[in-house]
Every structure is written in structure tokens, then in C-alpha cells.
file upload.cif (mmCIF, C-alpha atoms)
data_run
#
loop_
_atom_site.label_atom_id
_atom_site.label_comp_id
_atom_site.auth_asym_id
_atom_site.auth_seq_id
_atom_site.Cartn_x
_atom_site.Cartn_y
_atom_site.Cartn_z
CA MET W 1 61.32 -44.43 39.36
CA THR W 2 60.03 -47.91 40.22
CA GLY W 3 58.52 -47.48 43.64
CA THR W 4 57.36 -43.95 42.89
CA LEU W 5 55.33 -44.85 39.83
CA LEU W 6 53.68 -47.75 41.63
CA GLU W 7 52.74 -45.66 44.63
CA ILE W 8 51.32 -43.02 42.34
CA LEU W 9 49.36 -45.53 40.23
CA ASN W 10 47.85 -46.91 43.42
CA LEU W 11 47.08 -43.43 44.76
CA LEU W 12 45.39 -42.32 41.53
CA GLY W 13 43.29 -45.48 41.45
CA LYS W 14 42.18 -44.96 45.06
CA GLN W 15 41.52 -41.31 44.34
CA ALA W 16 39.10 -42.14 41.53
CA HIS W 17 37.19 -44.61 43.69
CA ALA W 18 37.14 -42.10 46.56
CA ILE W 19 35.51 -39.24 44.68
CA ASP W 20 33.09 -41.50 42.80
CA GLY W 21 32.10 -43.30 45.99
CA GLY W 22 31.61 -40.16 48.04
CA ALA W 23 34.66 -40.68 50.28
CA ALA W 24 35.37 -36.96 50.09
CA ARG W 25 37.91 -36.71 52.91
CA GLN W 26 39.88 -39.63 51.49
CA TRP W 27 39.96 -37.87 48.15
CA ALA W 28 41.22 -34.65 49.76
CA GLU W 29 43.96 -36.62 51.52
CA THR W 30 45.54 -37.56 48.20
CA PHE W 31 46.63 -33.90 48.18
CA THR W 32 49.08 -32.25 50.55
CA PRO W 33 47.39 -30.28 53.37
CA ASP W 34 47.67 -27.09 51.31
CA GLY W 35 47.21 -28.83 47.96
CA VAL W 36 45.59 -26.99 45.07
CA PHE W 37 43.18 -28.23 42.41
CA ARG W 38 42.75 -26.07 39.30
CA SER W 39 40.23 -26.94 36.60
CA PRO W 40 38.56 -24.90 33.87
CA THR W 41 35.31 -26.71 34.72
CA TYR W 42 35.13 -24.75 38.01
CA PRO W 43 35.41 -20.98 38.52
CA GLU W 44 38.10 -20.91 41.21
CA PRO W 45 41.01 -23.07 42.33
CA VAL W 46 40.27 -25.30 45.33
CA ARG W 47 42.92 -24.96 48.02
CA GLY W 48 43.57 -27.00 51.16
CA ARG W 49 42.01 -30.17 52.49
CA GLU W 50 38.87 -28.61 53.95
CA ALA W 51 37.95 -27.01 50.65
CA LEU W 52 39.02 -30.12 48.72
CA THR W 53 36.79 -32.27 50.94
CA GLU W 54 33.81 -30.01 50.28
CA PHE W 55 34.58 -30.03 46.58
CA ALA W 56 34.66 -33.82 46.42
CA ALA W 57 31.50 -34.16 48.50
CA ALA W 58 29.67 -31.78 46.15
CA PHE W 59 30.91 -33.66 43.09
CA ALA W 60 29.68 -37.00 44.46
CA ALA W 61 26.32 -35.53 45.50
CA ASN W 62 25.73 -34.02 42.07
CA ASN W 63 27.09 -36.91 39.97
CA PRO W 64 25.68 -40.14 41.38
CA ARG W 65 26.67 -42.40 38.50
CA ALA W 66 29.87 -40.79 37.29
CA HIS W 67 33.28 -42.43 37.15
CA HIS W 68 36.69 -40.87 36.90
CA VAL W 69 38.73 -43.10 34.62
CA VAL W 70 42.45 -42.48 35.03
CA THR W 71 44.65 -43.52 32.15
CA ASN W 72 47.98 -42.85 30.38
CA VAL W 73 49.70 -42.24 33.73
CA CYS W 74 53.39 -41.43 33.43
CA ILE W 75 56.11 -39.64 35.33
CA ASP W 76 57.21 -37.09 32.77
CA ARG W 77 59.71 -35.29 35.00
CA GLU W 78 61.68 -36.62 37.96
CA ILE W 79 62.70 -33.46 39.80
CA SER W 80 64.28 -34.90 42.96
CA ALA W 81 63.83 -37.83 45.32
CA ASP W 82 60.92 -35.93 46.84
CA GLU W 83 59.35 -34.26 43.84
CA CYS W 84 58.11 -35.33 40.43
CA HIS W 85 55.63 -34.38 37.79
CA VAL W 86 52.96 -36.77 36.54
CA LYS W 87 50.81 -36.51 33.44
CA ALA W 88 47.67 -38.52 32.83
CA ASN W 89 44.29 -38.40 31.18
CA LEU W 90 41.13 -38.47 33.17
CA LEU W 91 37.87 -39.36 31.45
CA ILE W 92 34.56 -38.63 33.13
CA VAL W 93 32.23 -41.50 32.24
CA ARG W 94 28.59 -41.43 33.23
CA THR W 95 25.73 -43.91 33.23
CA THR W 96 22.65 -41.97 32.22
CA SER W 97 19.12 -42.54 33.49
CA SER W 98 18.35 -44.65 30.40
CA GLY W 99 21.26 -46.94 31.26
CA ALA W 100 23.41 -45.74 28.35
CA VAL W 101 27.00 -44.83 29.15
CA ALA W 102 28.53 -41.61 27.86
CA ILE W 103 31.96 -40.05 28.14
CA ASP W 104 31.22 -36.56 29.44
CA ARG W 105 34.67 -35.16 28.86
CA VAL W 106 38.32 -35.98 28.38
CA THR W 107 40.76 -34.05 30.51
CA THR W 108 44.51 -33.98 30.90
CA ILE W 109 45.92 -33.73 34.40
CA ASP W 110 49.31 -32.27 35.25
CA ASP W 111 50.12 -33.24 38.82
CA SER W 112 53.00 -31.88 40.88
CA PHE W 113 53.74 -34.63 43.36
CA VAL W 114 55.81 -34.22 46.53
CA ARG W 115 56.75 -36.51 49.39
CA HIS W 116 54.72 -35.53 52.43
CA GLY W 117 55.06 -37.53 55.64
CA GLY W 118 56.79 -40.29 53.72
CA LEU W 119 54.01 -40.58 51.13
CA TRP W 120 53.53 -39.16 47.66
CA ARG W 121 50.85 -36.50 47.66
CA ILE W 122 49.61 -34.00 45.06
CA ALA W 123 50.80 -30.47 45.76
CA GLU W 124 49.02 -29.09 42.71
CA ARG W 125 46.75 -30.52 40.03
CA VAL W 126 46.13 -28.57 36.87
CA VAL W 127 43.30 -29.91 34.73
CA THR W 128 42.98 -28.95 31.07
CA ARG W 129 40.21 -29.84 28.64
CA ASP W 130 40.19 -30.24 24.92
CA MET D 131 59.25 -58.63 35.34
CA THR D 132 58.91 -55.83 37.90
CA GLY D 133 61.10 -53.08 36.54
CA THR D 134 60.33 -53.96 32.94
CA LEU D 135 56.57 -53.61 33.28
CA LEU D 136 56.93 -50.29 35.07
CA GLU D 137 59.27 -48.87 32.46
CA ILE D 138 56.90 -50.00 29.74
CA LEU D 139 53.81 -48.59 31.47
CA ASN D 140 55.59 -45.27 31.78
CA LEU D 141 56.75 -45.37 28.16
CA LEU D 142 53.28 -46.17 26.82
CA GLY D 143 51.77 -43.36 28.89
CA LYS D 144 54.34 -40.89 27.57
CA GLN D 145 53.82 -42.19 24.05
CA ALA D 146 50.10 -41.44 24.16
CA HIS D 147 50.68 -37.89 25.40
CA ALA D 148 53.41 -37.39 22.78
CA ILE D 149 51.29 -38.24 19.74
CA ASP D 150 48.19 -36.46 21.04
CA GLY D 151 50.21 -33.36 21.93
CA GLY D 152 52.08 -33.19 18.64
CA ALA D 153 55.47 -34.18 20.08
CA ALA D 154 56.11 -36.27 17.01
CA ARG D 155 59.82 -36.88 17.46
CA GLN D 156 59.29 -37.94 21.07
CA TRP D 157 56.67 -40.41 19.87
CA ALA D 158 59.07 -41.82 17.28
CA GLU D 159 61.73 -42.24 19.95
CA THR D 160 59.60 -44.77 21.81
CA PHE D 161 60.56 -47.06 18.91
CA THR D 162 64.03 -48.37 18.12
CA PRO D 163 65.81 -46.43 15.34
CA ASP D 164 64.57 -48.95 12.77
CA GLY D 165 61.28 -49.63 14.55
CA VAL D 166 58.21 -50.59 12.55
CA PHE D 167 54.56 -49.62 13.01
CA ARG D 168 51.96 -51.74 11.22
CA SER D 169 48.27 -50.85 11.31
CA PRO D 170 45.34 -51.80 9.08
CA THR D 171 44.19 -48.16 9.34
CA TYR D 172 47.13 -47.12 7.12
CA PRO D 173 48.14 -48.55 3.74
CA GLU D 174 51.83 -49.24 4.45
CA PRO D 175 54.00 -50.04 7.46
CA VAL D 176 55.92 -47.06 8.86
CA ARG D 177 59.60 -47.86 9.32
CA GLY D 178 62.36 -45.94 11.09
CA ARG D 179 62.35 -42.81 13.20
CA GLU D 180 62.17 -40.30 10.36
CA ALA D 181 59.08 -41.90 8.90
CA LEU D 182 57.62 -42.46 12.37
CA THR D 183 58.11 -38.80 13.21
CA GLU D 184 56.30 -37.75 10.03
CA PHE D 185 53.53 -40.23 10.77
CA ALA D 186 53.00 -38.87 14.27
CA ALA D 187 53.11 -35.25 13.09
CA ALA D 188 50.46 -36.01 10.46
CA PHE D 189 48.26 -37.77 13.01
CA ALA D 190 48.41 -34.80 15.39
CA ALA D 191 47.76 -32.29 12.60
CA ASN D 192 44.71 -34.20 11.37
CA ASN D 193 43.28 -35.16 14.78
CA PRO D 194 43.38 -32.08 16.99
CA ARG D 195 41.17 -33.38 19.78
CA ALA D 196 41.95 -37.09 19.72
CA HIS D 197 43.38 -39.11 22.60
CA HIS D 198 45.09 -42.45 22.56
CA VAL D 199 43.91 -44.29 25.66
CA VAL D 200 46.22 -47.18 26.54
CA THR D 201 44.76 -49.92 28.68
CA ASN D 202 45.03 -53.62 29.60
CA VAL D 203 48.83 -53.47 29.33
CA CYS D 204 50.54 -56.76 30.11
CA ILE D 205 53.75 -58.57 29.34
CA ASP D 206 52.43 -61.71 27.76
CA ARG D 207 55.81 -63.23 26.85
CA GLU D 208 59.16 -62.69 28.53
CA ILE D 209 61.63 -63.76 25.86
CA SER D 210 64.97 -62.81 27.44
CA ALA D 211 66.43 -60.11 29.68
CA ASP D 212 66.44 -57.84 26.60
CA GLU D 213 63.29 -58.84 24.79
CA CYS D 214 59.64 -59.20 25.66
CA HIS D 215 56.23 -59.04 24.09
CA VAL D 216 53.53 -56.69 25.34
CA LYS D 217 49.83 -56.74 24.59
CA ALA D 218 47.47 -53.85 25.25
CA ASN D 219 44.35 -52.17 23.98
CA LEU D 220 44.43 -48.70 22.55
CA LEU D 221 41.21 -46.75 22.26
CA ILE D 222 41.04 -43.65 20.10
CA VAL D 223 38.76 -41.19 21.87
CA ARG D 224 37.77 -37.92 20.25
CA THR D 225 36.00 -34.77 21.36
CA THR D 226 33.80 -33.71 18.47
CA SER D 227 33.02 -30.14 17.44
CA SER D 228 29.75 -30.28 19.39
CA GLY D 229 31.70 -31.16 22.55
CA ALA D 230 30.44 -34.75 22.65
CA VAL D 231 33.07 -37.44 23.16
CA ALA D 232 33.13 -40.55 20.99
CA ILE D 233 35.30 -43.65 20.91
CA ASP D 234 36.44 -43.81 17.30
CA ARG D 235 37.86 -47.30 17.46
CA VAL D 236 39.22 -49.99 19.71
CA THR D 237 42.49 -51.53 18.69
CA THR D 238 44.75 -54.21 20.07
CA ILE D 239 48.49 -53.61 20.00
CA ASP D 240 51.10 -56.34 19.93
CA ASP D 241 54.44 -54.77 20.75
CA SER D 242 57.84 -56.45 20.42
CA PHE D 243 60.01 -54.66 22.95
CA VAL D 244 63.79 -54.79 23.05
CA ARG D 245 66.43 -53.13 25.18
CA HIS D 246 68.12 -50.42 23.16
CA GLY D 247 70.80 -48.24 24.77
CA GLY D 248 69.69 -49.46 28.19
CA LEU D 249 66.04 -48.55 27.63
CA TRP D 250 63.01 -50.51 26.52
CA ARG D 251 61.96 -49.52 23.02
CA ILE D 252 59.42 -50.88 20.53
CA ALA D 253 61.03 -52.83 17.71
CA GLU D 254 57.69 -53.57 16.09
CA ARG D 255 54.10 -52.65 16.78
CA VAL D 256 51.30 -54.57 15.11
CA VAL D 257 47.88 -52.97 15.44
CA THR D 258 44.72 -54.97 14.86
CA ARG D 259 41.13 -53.74 14.84
CA ASP D 260 37.88 -55.48 15.62
CA MET X 261 53.11 -53.47 47.90
CA THR X 262 55.46 -53.01 44.94
CA GLY X 263 55.73 -56.47 43.46
CA THR X 264 52.18 -57.34 44.34
CA LEU X 265 50.60 -54.44 42.49
CA LEU X 266 52.69 -55.12 39.40
CA GLU X 267 51.83 -58.79 39.34
CA ILE X 268 48.17 -57.92 39.72
CA LEU X 269 48.25 -55.25 37.01
CA ASN X 270 49.80 -57.76 34.65
CA LEU X 271 47.30 -60.46 35.63
CA LEU X 272 44.30 -58.17 35.11
CA GLY X 273 45.60 -57.08 31.72
CA LYS X 274 46.09 -60.70 30.64
CA GLN X 275 42.68 -61.58 32.02
CA ALA X 276 40.97 -58.98 29.83
CA HIS X 277 42.74 -60.20 26.70
CA ALA X 278 41.95 -63.81 27.62
CA ILE X 279 38.19 -63.43 27.90
CA ASP X 280 37.93 -61.10 24.89
CA GLY X 281 40.08 -63.42 22.78
CA GLY X 282 38.23 -66.59 23.73
CA ALA X 283 41.09 -68.06 25.82
CA ALA X 284 38.54 -69.28 28.33
CA ARG X 285 40.76 -71.64 30.32
CA GLN X 286 43.43 -68.97 30.66
CA TRP X 287 40.78 -66.59 32.01
CA ALA X 288 39.63 -69.20 34.54
CA GLU X 289 43.21 -69.70 35.69
CA THR X 290 43.40 -66.12 36.92
CA PHE X 291 41.16 -67.41 39.71
CA THR X 292 42.08 -69.95 42.40
CA PRO X 293 40.84 -73.49 41.64
CA ASP X 294 37.73 -72.85 43.75
CA GLY X 295 37.49 -69.17 42.85
CA VAL X 296 34.11 -67.46 42.71
CA PHE X 297 32.77 -64.82 40.32
CA ARG X 298 29.67 -62.90 41.40
CA SER X 299 27.98 -60.40 39.12
CA PRO X 300 24.48 -58.92 39.06
CA THR X 301 24.54 -59.36 35.25
CA TYR X 302 24.27 -63.14 35.72
CA PRO X 303 21.72 -65.08 37.81
CA GLU X 304 24.12 -67.25 39.85
CA PRO X 305 27.70 -67.05 41.09
CA VAL X 306 30.22 -68.98 39.00
CA ARG X 307 32.38 -71.26 41.12
CA GLY X 308 35.51 -73.23 40.30
CA ARG X 309 37.68 -73.37 37.22
CA GLU X 310 35.48 -75.68 35.17
CA ALA X 311 32.47 -73.43 35.56
CA LEU X 312 34.63 -70.32 35.09
CA THR X 313 36.01 -71.74 31.85
CA GLU X 314 32.51 -72.39 30.54
CA PHE X 315 31.44 -68.93 31.60
CA ALA X 316 34.33 -67.25 29.75
CA ALA X 317 33.79 -69.39 26.64
CA ALA X 318 30.11 -68.42 26.56
CA PHE X 319 30.96 -64.74 27.00
CA ALA X 320 33.42 -64.81 24.10
CA ALA X 321 31.00 -66.74 21.86
CA ASN X 322 28.19 -64.28 22.52
CA ASN X 323 30.24 -61.07 22.44
CA PRO X 324 32.54 -61.23 19.42
CA ARG X 325 33.63 -57.59 19.44
CA ALA X 326 33.55 -56.76 23.14
CA HIS X 327 36.49 -55.56 25.21
CA HIS X 328 36.94 -55.57 28.95
CA VAL X 329 38.77 -52.35 29.79
CA VAL X 330 40.34 -52.52 33.25
CA THR X 331 41.11 -49.22 34.92
CA ASN X 332 41.60 -47.49 38.29
CA VAL X 333 43.32 -50.58 39.71
CA CYS X 334 44.46 -50.19 43.30
CA ILE X 335 45.23 -52.31 46.32
CA ASP X 336 42.84 -50.86 48.83
CA ARG X 337 43.59 -53.32 51.66
CA GLU X 338 46.79 -55.23 52.33
CA ILE X 339 45.63 -58.05 54.58
CA SER X 340 48.78 -60.18 54.88
CA ALA X 341 51.75 -61.21 52.75
CA ASP X 342 49.41 -63.69 51.05
CA GLU X 343 46.16 -61.82 50.90
CA CYS X 344 44.99 -58.43 49.66
CA HIS X 345 41.95 -56.70 48.32
CA VAL X 346 41.92 -54.93 44.95
CA LYS X 347 39.40 -52.46 43.60
CA ALA X 348 39.10 -51.48 39.96
CA ASN X 349 36.61 -50.41 37.33
CA LEU X 350 35.86 -52.58 34.37
CA LEU X 351 34.20 -51.04 31.34
CA ILE X 352 32.64 -53.26 28.71
CA VAL X 353 33.28 -51.59 25.35
CA ARG X 354 31.77 -52.94 22.15
CA THR X 355 32.20 -52.30 18.47
CA THR X 356 28.75 -52.52 16.95
CA SER X 357 27.89 -53.87 13.48
CA SER X 358 27.89 -50.31 12.10
CA GLY X 359 31.45 -49.83 13.33
CA ALA X 360 30.47 -47.41 16.09
CA VAL X 361 31.93 -48.08 19.53
CA ALA X 362 29.74 -47.99 22.63
CA ILE X 363 30.40 -48.46 26.32
CA ASP X 364 27.89 -51.10 27.32
CA ARG X 365 28.34 -50.73 31.05
CA VAL X 366 30.63 -49.54 33.79
CA THR X 367 31.25 -51.95 36.61
CA THR X 368 33.26 -51.89 39.80
CA ILE X 369 35.17 -55.02 40.74
CA ASP X 370 36.12 -55.97 44.29
CA ASP X 371 38.69 -58.74 44.09
CA SER X 372 39.94 -60.82 47.01
CA PHE X 373 43.41 -61.89 45.96
CA VAL X 374 45.40 -64.71 47.58
CA ARG X 375 48.76 -66.29 46.89
CA HIS X 376 48.19 -69.69 45.32
CA GLY X 377 51.18 -71.79 44.25
CA GLY X 378 53.40 -68.72 44.53
CA LEU X 379 51.18 -66.58 42.29
CA TRP X 380 48.46 -64.03 42.99
CA ARG X 381 45.07 -65.41 42.07
CA ILE X 382 41.50 -64.19 42.56
CA ALA X 383 39.68 -66.09 45.29
CA GLU X 384 36.51 -64.07 44.83
CA ARG X 385 35.41 -61.32 42.46
CA VAL X 386 32.32 -59.30 43.29
CA VAL X 387 31.05 -57.14 40.42
CA THR X 388 28.71 -54.25 41.05
CA ARG X 389 27.01 -51.99 38.51
CA ASP X 390 25.84 -48.43 38.74
#
call {"tool": "encode", "arguments": {"input": "upload.cif", "output": "C-alpha cells"}}
result
Amino acid sequence: MTGTLLEILNLLGKQAHAIDGGAARQWAETFTPDGVFRSPTYPEPVRGREALTEFAAAFAANNPRAHHVVTNVCIDREISADECHVKANLLIVRTTSSGAVAIDRVTTIDDSFVRHGGLWRIAERVVTRD
Amino acid sequence: MTGTLLEILNLLGKQAHAIDGGAARQWAETFTPDGVFRSPTYPEPVRGREALTEFAAAFAANNPRAHHVVTNVCIDREISADECHVKANLLIVRTTSSGAVAIDRVTTIDDSFVRHGGLWRIAERVVTRD
Amino acid sequence: MTGTLLEILNLLGKQAHAIDGGAARQWAETFTPDGVFRSPTYPEPVRGREALTEFAAAFAANNPRAHHVVTNVCIDREISADECHVKANLLIVRTTSSGAVAIDRVTTIDDSFVRHGGLWRIAERVVTRD
């Protein structure tokens, strides 16, 4: 578990900074090439790195002062040496034009991680909201 | 320190999902069989897995859209190979009926961890509030 | 990466508890002896452990119910065995006199870490705000 959890913690931290900072391609690369992102906030699943890159670029363009805050990260199922399931919460925090900070929403993420090219990558993320 | 901190990070993540998701017994099992939970929010300490399970079930039943957000986790005292002390902050975040998200309270947790059956478990949690 | 990220996670957790709990010298010791703290919230950089200790003591005295919440921690550049760069977000959360909890601000921290006396310490922290 040791190395896996650390790699995943680091990846999820980088992922948050990537989408919030507009590094859309870097965000997409935290997924496998055919990775899927499913969220009730958006009408359709996003599939594959091209679409994921566009998705992240649109998020950053439309949410200039938003932050993804990743928390409660745990490996809740170790499936094999190359596959595990990770659960976490992701809060969207936003600085408004008045300078006040609000939590827009609390989501739960269910990530299916696989080894891809020697690195842990997200094969599928399922987001749920309260 | 390495493996211990990782195990504990994973446990605390799972623990948050367990209580928020109503997995009361799983929450209780993050404590030792005679583990104790002390919090100024509640009139009496909760002692032992049966009582801890009831406590967690009641929390989930009464707080349908609450999330425990664990943060600032650190081992602040390594006592022996089988005993350490962990400090963290635990925020209770809640989605209200209007959809707005509020932080109900910020707490500090002081956890006495021990090895039990080869796994790190909480022997005593002391919660303090601002 | 493994041991380094864990040490740094533990250090950043301790650091948050130190400044919020008024352990000013302990906070300063998370920096190298000539470490620098730069933040747009304050007029001048803070340099060296004496000044850092005074800075942390003043923060704690003026912010009795504030919490530094460290999140999204990742090593975004591994420079050498003795040097790396860490990115994270730091939220300042405050319990107000009415008991309500507010997020005062969301910051991003860019930390230059170096090995000092066998331990990871912050040589320079650069804080940015939205």
C-alpha cells in the first residue's frame, strides 16, 4: 500500500493545482489515455485525454478563483498490484468578487486507478454530490 | 515513521467516509475494542465498539449531508514501535437544505494510536473545539 | 519521493498546529535558520528564525481562533536528493465570536525545501493569494 498511496496523494495534489491553474493538459494526463470522468454537474461523461483537456481548460476559463480541495483520500480497495480503488472528498472553494470565500459544493470522488506506463493513473472517476 | 503515517492517513480517510456514509460498525472498528471517544459536543465519553457503533449510527442518521474533513494530520509523538500520538484538525462541513455549504465547526483531535492485531487503531480520541 | 513526501506532510501538519497553538519557535524551526517567508498579506519578507518566531507569535496573539488548513500538498519538482519544491494550498479558517466558521482566505504556497541537518526544512516560502 505504502508507495501506492503516496504516489496517489501526490498525483491528486498536482491534479488540483493543474485544473485550478489552467494546466489543462497536465490535468488530463492524470487519467489514462482513455480515462473517463463522470459527474452529475455536467451532462455527459468526458472520455479520453483530448476531451479531458478541453474540459479542464473550460473549467479554468470559467472559474478564475476556484480551488479544488482534495481531502479524506484513502485506498478503500486494493484489487491487484496494478489496480486499486480510491475514495476522497473534493470541495470546490471559491473566492468571490467581494473577497469572501465560499464552499460551492462538496463532492465525493470514486477513482478507479490503474498502473499505466509504470505510473498510477485514473481509469475512471465517478463524482457524486450530496 | 514512514509506514505508520501512511497507514494512519489511510485509516483517517476511511474513518471519515465511514461515519458520513453510515457505515457505523466500520467507523467503530477504527478504534481498539475498548477505544474511547471524548468530545465536548457530547455529554459523556463513548467507550467500546458497541457504543461507538451506536454513536456513529446516530451521527449519520441525524446529519444526512455532513462531511468530516480531516486535515493537518501529523504524528507529533512517536512513543514506541506500537504506540504513537497523532494530532489533526477535523472540520464538520454541511450542505444545507438550500444547497449552500457551511463549516459547522473546527475541531482538533488528539489521537492515541496503538498497534492492535497488527494494525494501527485509536485507543483514545480527545476532541477539542475552539 | 516516498520518504520525502511523508516527512513533508508530517512537517506541514505540525507547522499548522504550531502557529495556531502559539508554539512560535516550533513554527520557525520548520524553516532553515536563514529561511524566508514571503506573503502579500504582510509588507516585508520575514527572514531568519528570530524574525520568524516573532512573526508566528504575533499571528497567534492576533488570531486566537484561526486555523491554517494545509491541503493539496505535492512535490512538483524533485531537484536533487537534498532539494525539492512543494506546492500546496493553505486555507485560513476562523471561528468568529458568534461561533460561525468562515474561510478568511485561500492561499497557494510554493515551498523550496532543502535538507538541513538531516531533516527537510523550508528555505523559502512564497505565498500567493487569489
call {"tool": "interface_residues", "arguments": {"input": "upload.cif", "of": "chain D", "to": "chain X", "cutoff": "8 Å", "atoms": "all atoms listed in the file", "output": "list of chain:residue names"}}
result
D:Thr132, D:Leu135, D:Leu136, D:Thr201, D:Asn202, D:Val203, D:Cys204, D:Ile205, D:Asp206, D:Ala218, D:Ala232, D:Ile233, D:Asp234, D:Arg235, D:Val236, D:Asp260
call {"tool": "residues_around", "arguments": {"input": "upload.cif", "residues": "range 112-124 of chain W", "least_positions_apart": "4", "cutoff": "8 Å", "atoms": "all atoms listed in the file", "output": "VMD selection string"}}
result
chain W and resid 4 7 to 8 29 to 32 34 to 38 82 to 86
call {"tool": "residues_near_point", "arguments": {"input": "upload.cif", "point": "(29.6, -42.2, 47.3)", "cutoff": "8 Å", "atoms": "all atoms listed in the file", "output": "MDAnalysis selection string"}}
result
chainID W and resid 18:23 60:61 64
call {"tool": "resolve_selection", "arguments": {"input": "upload.cif", "expression": "the PyMOL selection byres ((chain D and resi 237) around 8)", "output": "ChimeraX atom specification"}}
result
/D:219-221,235-236,238-239,257-260
call {"tool": "axis_aligned_box", "arguments": {"input": "upload.cif", "around": "range 281-294 of chain X", "padding_each_side": "5 Å", "output": "lines of an AutoDock Vina configuration file"}}
result
center_x = 40.6
center_y = -68.5
center_z = 33.3
size_x = 15.7
size_y = 20.1
size_z = 31.0
call {"tool": "atom_distance", "arguments": {"input": "upload.cif", "atom1": "CA of Arg385 in chain X", "atom2": "CA of Asp370 in chain X"}}
result
5.7 Å
call {"tool": "atom_distance", "arguments": {"input": "upload.cif", "atom1": "CA of Pro293 in chain X", "atom2": "CA of Glu208 in chain D"}}
result
25.0 Å
call {"tool": "atom_distance", "arguments": {"input": "upload.cif", "atom1": "CA of Ala24 in chain W", "atom2": "CA of Ala57 in chain W"}}
result
5.0 Å
call {"tool": "residues_around", "arguments": {"input": "upload.cif", "residues": "Glu50 in chain W", "least_positions_apart": "2", "cutoff": "9 Å", "atoms": "all atoms listed in the file", "output": "VMD selection string"}}
result
chain W and resid 25 28 33 47 to 48 52 to 55
call {"tool": "closest_residue", "arguments": {"input": "upload.cif", "among": "W:Val126, W:Ile79, W:Ala56, W:Asn63", "to": "Ser97 in chain W", "atoms": "all atoms listed in the file"}}
result
W:Asn63
